[in-house]
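Chemist: Next up, work-v5.txt (compact mmCIF, C-alpha atoms).
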```txt
# COMPACT_ATOMS: atom_id res chain seq x y z
CA MET V 84 -17.53 31.69 15.22
CA PHE V 85 -13.82 31.11 15.77
CA LYS V 86 -14.52 28.72 18.64
CA LYS V 87 -16.73 26.59 16.39
CA PHE V 88 -14.09 26.53 13.63
CA GLY V 89 -11.39 25.64 16.15
CA LEU V 90 -13.51 22.79 17.47
CA GLN V 91 -13.96 21.43 13.92
CA ILE V 92 -10.20 21.53 13.31
CA LEU V 93 -9.56 19.78 16.62
CA THR V 94 -12.12 17.09 15.75
CA VAL V 95 -10.44 16.38 12.41
CA ALA V 96 -7.02 16.24 14.09
CA ILE V 97 -8.29 13.73 16.65
CA ILE V 98 -9.80 11.54 13.94
CA PHE V 99 -6.47 11.47 12.08
CA ALA V 100 -4.58 10.69 15.29
CA LEU V 101 -6.90 7.82 16.19
CA THR V 102 -7.01 6.21 12.77
CA GLY V 103 -3.39 6.80 11.83
CA ALA V 104 -2.70 9.11 8.92
CA GLN V 105 -0.70 6.36 7.20
CA SER V 106 -3.83 4.26 6.81
CA PHE V 107 -5.10 6.84 4.29
CA ALA V 108 -1.86 6.97 2.29
CA GLN V 109 -1.74 5.94 -1.34
CA LYS V 110 1.44 5.79 -3.33
CA ARG V 111 1.87 5.47 -7.08
CA VAL V 112 4.69 3.15 -8.11
CA ARG V 113 6.69 4.70 -10.95
CA PHE V 114 9.05 2.83 -13.22
CA LYS V 115 12.19 4.32 -14.73
CA SER V 116 12.03 4.74 -18.49
CA GLY V 117 12.59 1.36 -20.17
CA SER V 118 12.27 -0.61 -16.93
CA ASN V 119 9.52 -3.07 -16.03
CA SER V 120 10.25 -3.17 -12.29
CA ALA V 121 10.68 -0.77 -9.39
CA VAL V 122 11.85 -1.11 -5.80
CA VAL V 123 9.88 0.68 -3.09
CA SER V 124 10.97 0.79 0.54
CA GLY V 125 9.65 2.36 3.68
CA THR V 126 8.17 1.70 7.10
CA LEU V 127 4.63 0.79 8.11
CA GLY V 128 3.35 1.44 11.61
CA LYS V 129 1.71 -1.38 13.54
CA ASN V 130 -1.71 -2.34 12.18
CA VAL V 131 -1.34 0.09 9.27
CA SER V 132 -2.02 -0.53 5.59
CA ARG V 133 -1.03 1.48 2.54
CA VAL V 134 -2.50 1.29 -0.96
CA PHE V 135 -0.10 1.26 -3.91
CA ILE V 136 -1.10 2.02 -7.49
CA VAL V 137 0.54 0.86 -10.74
CA SER V 138 -0.52 1.45 -14.31
CA GLY V 139 -0.68 -1.39 -16.77
CA ARG V 140 -2.42 -2.91 -19.75
CA ALA V 141 -4.76 -5.87 -19.98
CA GLY V 142 -2.79 -9.10 -20.30
CA GLN V 143 0.36 -7.85 -18.56
CA GLU V 144 1.75 -9.86 -15.65
CA PHE V 145 1.92 -7.99 -12.34
CA SER V 146 3.94 -9.18 -9.35
CA ALA V 147 4.87 -7.76 -5.96
CA THR V 148 7.37 -9.32 -3.55
CA VAL V 149 7.98 -7.94 -0.06
CA LYS V 150 11.01 -8.49 2.14
CA THR V 151 10.98 -7.66 5.84
CA LYS V 152 12.74 -9.03 8.90
CA GLY V 153 10.39 -11.28 10.84
CA LYS V 154 7.45 -8.88 10.76
CA LYS V 155 3.90 -9.63 9.65
CA ILE V 156 3.67 -7.61 6.44
CA PHE V 157 1.33 -8.88 3.75
CA VAL V 158 0.63 -7.75 0.20
CA TYR V 159 -2.62 -8.48 -1.66
CA PRO V 160 -4.87 -7.00 -4.37
CA GLU V 161 -7.16 -4.23 -3.09
CA GLY V 162 -10.63 -5.60 -2.42
CA ASP V 163 -9.35 -9.16 -2.02
CA GLU V 164 -8.84 -9.18 1.76
CA LEU V 165 -10.18 -12.72 1.93
CA GLY V 166 -7.76 -13.93 -0.73
CA GLU V 167 -4.47 -15.67 -0.17
CA TRP V 168 -2.13 -13.43 1.79
CA GLY V 169 1.59 -13.72 1.87
CA ILE V 170 4.83 -11.96 1.20
CA GLY V 171 4.06 -11.64 -2.48
CA PHE V 172 1.61 -12.37 -5.23
CA SER V 173 1.26 -12.16 -8.99
CA GLN V 174 -1.62 -11.99 -11.40
CA THR V 175 -2.54 -11.08 -14.95
CA LEU V 176 -4.03 -7.61 -15.26
CA GLU V 177 -7.59 -7.79 -16.56
CA ALA V 178 -7.98 -4.22 -17.88
CA ASP V 179 -5.98 -1.21 -18.99
CA GLY V 180 -5.42 1.47 -16.36
CA ASP V 181 -4.63 1.61 -12.68
CA PHE V 182 -4.27 -1.50 -10.52
CA ARG V 183 -4.35 -1.11 -6.74
CA PHE V 184 -2.80 -3.40 -4.18
CA VAL V 185 -2.34 -3.21 -0.43
CA LEU V 186 0.65 -3.59 1.85
CA GLU V 187 -0.47 -4.30 5.41
CA ASN V 188 1.42 -4.59 8.68
CA GLN V 189 -0.41 -6.88 11.09
CA GLY V 190 2.47 -6.96 13.55
CA ASN V 191 2.73 -5.43 17.00
CA ALA V 192 5.42 -2.95 15.98
CA ALA V 193 6.40 -0.73 13.07
CA ALA V 194 8.20 -2.63 10.32
CA ALA V 195 10.60 -1.62 7.58
CA TYR V 196 10.07 -3.23 4.18
CA THR V 197 11.52 -3.44 0.69
CA MET V 198 9.09 -4.32 -2.10
CA THR V 199 9.85 -5.17 -5.72
CA VAL V 200 7.01 -4.45 -8.14
CA THR V 201 7.08 -5.78 -11.72
CA VAL V 202 4.73 -5.28 -14.66
CA LYS V 203 5.66 -7.00 -17.97
```
Rewrite the structure from the file as structure tokens, please.
Modeler:
Amino acid sequence: MFKKFGLQILTVAIIFALTGAQSFAQKRVRFKSGSNSAVVSGTLGKNVSRVFIVSGRAGQEFSATVKTKGKKIFVYPEGDELGEWGIGFSQTLEADGDFRFVLENQGNAAAAYTMTVTVK
């Protein structure tokens, strides 16, 4: 019984190692009281994406701008992988609630980033 359980744990560990645990990461962007923007910084491994979540209301303007040094980091709305990619985008929120967007590193190395997120 313990061998079977150990094998299951090992299998899960291998899956995480092969897919990169960061690819499953989601992070909620929180704004300080009275502020309509927040700065988020971190590092993305090569070929890794991370989903960010912000809360907003229908009609508010959302924008995200990413700064990185010569790396291929893109930001885009979740589910819009075929849309226009770049170092930033903005759009009007269509509904109240959570809005998800993706930060993706398509470079050959890990990359540090600083991202400014605004909802007004």
Chemist: Could you check which of V:Gly180, V:Gly128, V:Gly117, V:Gly139 is closest to Lys155 in chain V, using only C-alpha atoms?
Modeler: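 Nearest candidate to Lys155 in chain V out of V:Gly180, V:Gly128, V:Gly117, V:Gly139: V:Gly128.
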Chemist: Just the number, please: distance in Å from CA of Ala194 in chain V to CA of Val123 in chain V, one decimal.
Modeler: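 Between CA of Ala194 in chain V and CA of Val123 in chain V the gap is 13.9 Å.
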Chemist: What is the CA of Gln189 in chain V-CA of Thr175 in chain V distance in Å, reported with one decimal?
Modeler: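 Calculated distance between CA of Gln189 in chain V and CA of Thr175 in chain V is 26.5 Å.
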Chemist: What is the CA of Val200 in chain V to CA of Lys129 in chain V distance in Å?
Modeler: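 One can read the CA of Val200 in chain V to CA of Lys129 in chain V distance as 22.5 Å.
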Chemist: Need to verify the contact set: Val134 in chain V, 6 Å, only C-alpha atoms, exclusion of same-chain residues closer than 3 positions in sequence. Can you return it as a list in words?
Modeler: Gln109, Phe184 and Val185 of chain V
Chemist: My list of candidates is V:Met198, V:Val158, V:Ile136, V:Ala141. Which is closest to Glu177 in chain V when distances are computed with all atoms listed in the file?
Modeler: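 Selected residue with least distance to Glu177 in chain V: V:Ala141.
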Chemist: Out of V:Ala195, V:Val202, V:Ile170, V:Ala147, which residue has the shortest atom-to-atom distance to Ser124 in chain V when counting all atoms listed in the file?
Modeler: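 Of V:Ala195, V:Val202, V:Ile170, V:Ala147, the one nearest Ser124 in chain V is V:Ala195, counting all atoms listed in the file.
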Chemist: Nearest to Leu176 in chain V: which of V:Ile156, V:Ala121, V:Ala108, V:Val137 is it, counting only C-alpha atoms?
Modeler: V:Val137
Chemist: Name the closest residue to Asn119 in chain V among the candidates V:Phe145, V:Ser132, V:Lys203, V:Asp179; distances are taken between atoms, counting only C-alpha atoms.
Modeler: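 Counting only C-alpha atoms, the residue closest to Asn119 in chain V is V:Lys203.
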Chemist: With 3 Å of padding per side, what axis-aligned box (centre and edge lengths, Å, one decimal) covers all the listed atoms of range 133-142 of chain V? Give it as JSON.
Modeler:
```
{"center_x": -2.1, "center_y": -3.5, "center_z": -8.9, "size_x": 11.3, "size_y": 17.1, "size_z": 28.8}
```
Chemist: Identify which of the residues V:Thr148, V:Arg111, V:Glu161, V:Thr197 lies closest to Thr126 in chain V, counting all atoms listed in the file when measuring atom-to-atom distances.
Modeler: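 Between V:Thr148, V:Arg111, V:Glu161, V:Thr197, the residue approaching Thr126 in chain V most closely is V:Thr197.
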Chemist: Considering only C-alpha atoms, return as a list in words whatever protein or nucleic-acid residues lie within 6 Å of Ser146 in chain V, sequence-local ones (same chain, fewer than 3 positions apart) excluded.
Modeler: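 The contact residues come out as Phe172, Ser173, Val200 and Thr201 of chain V.
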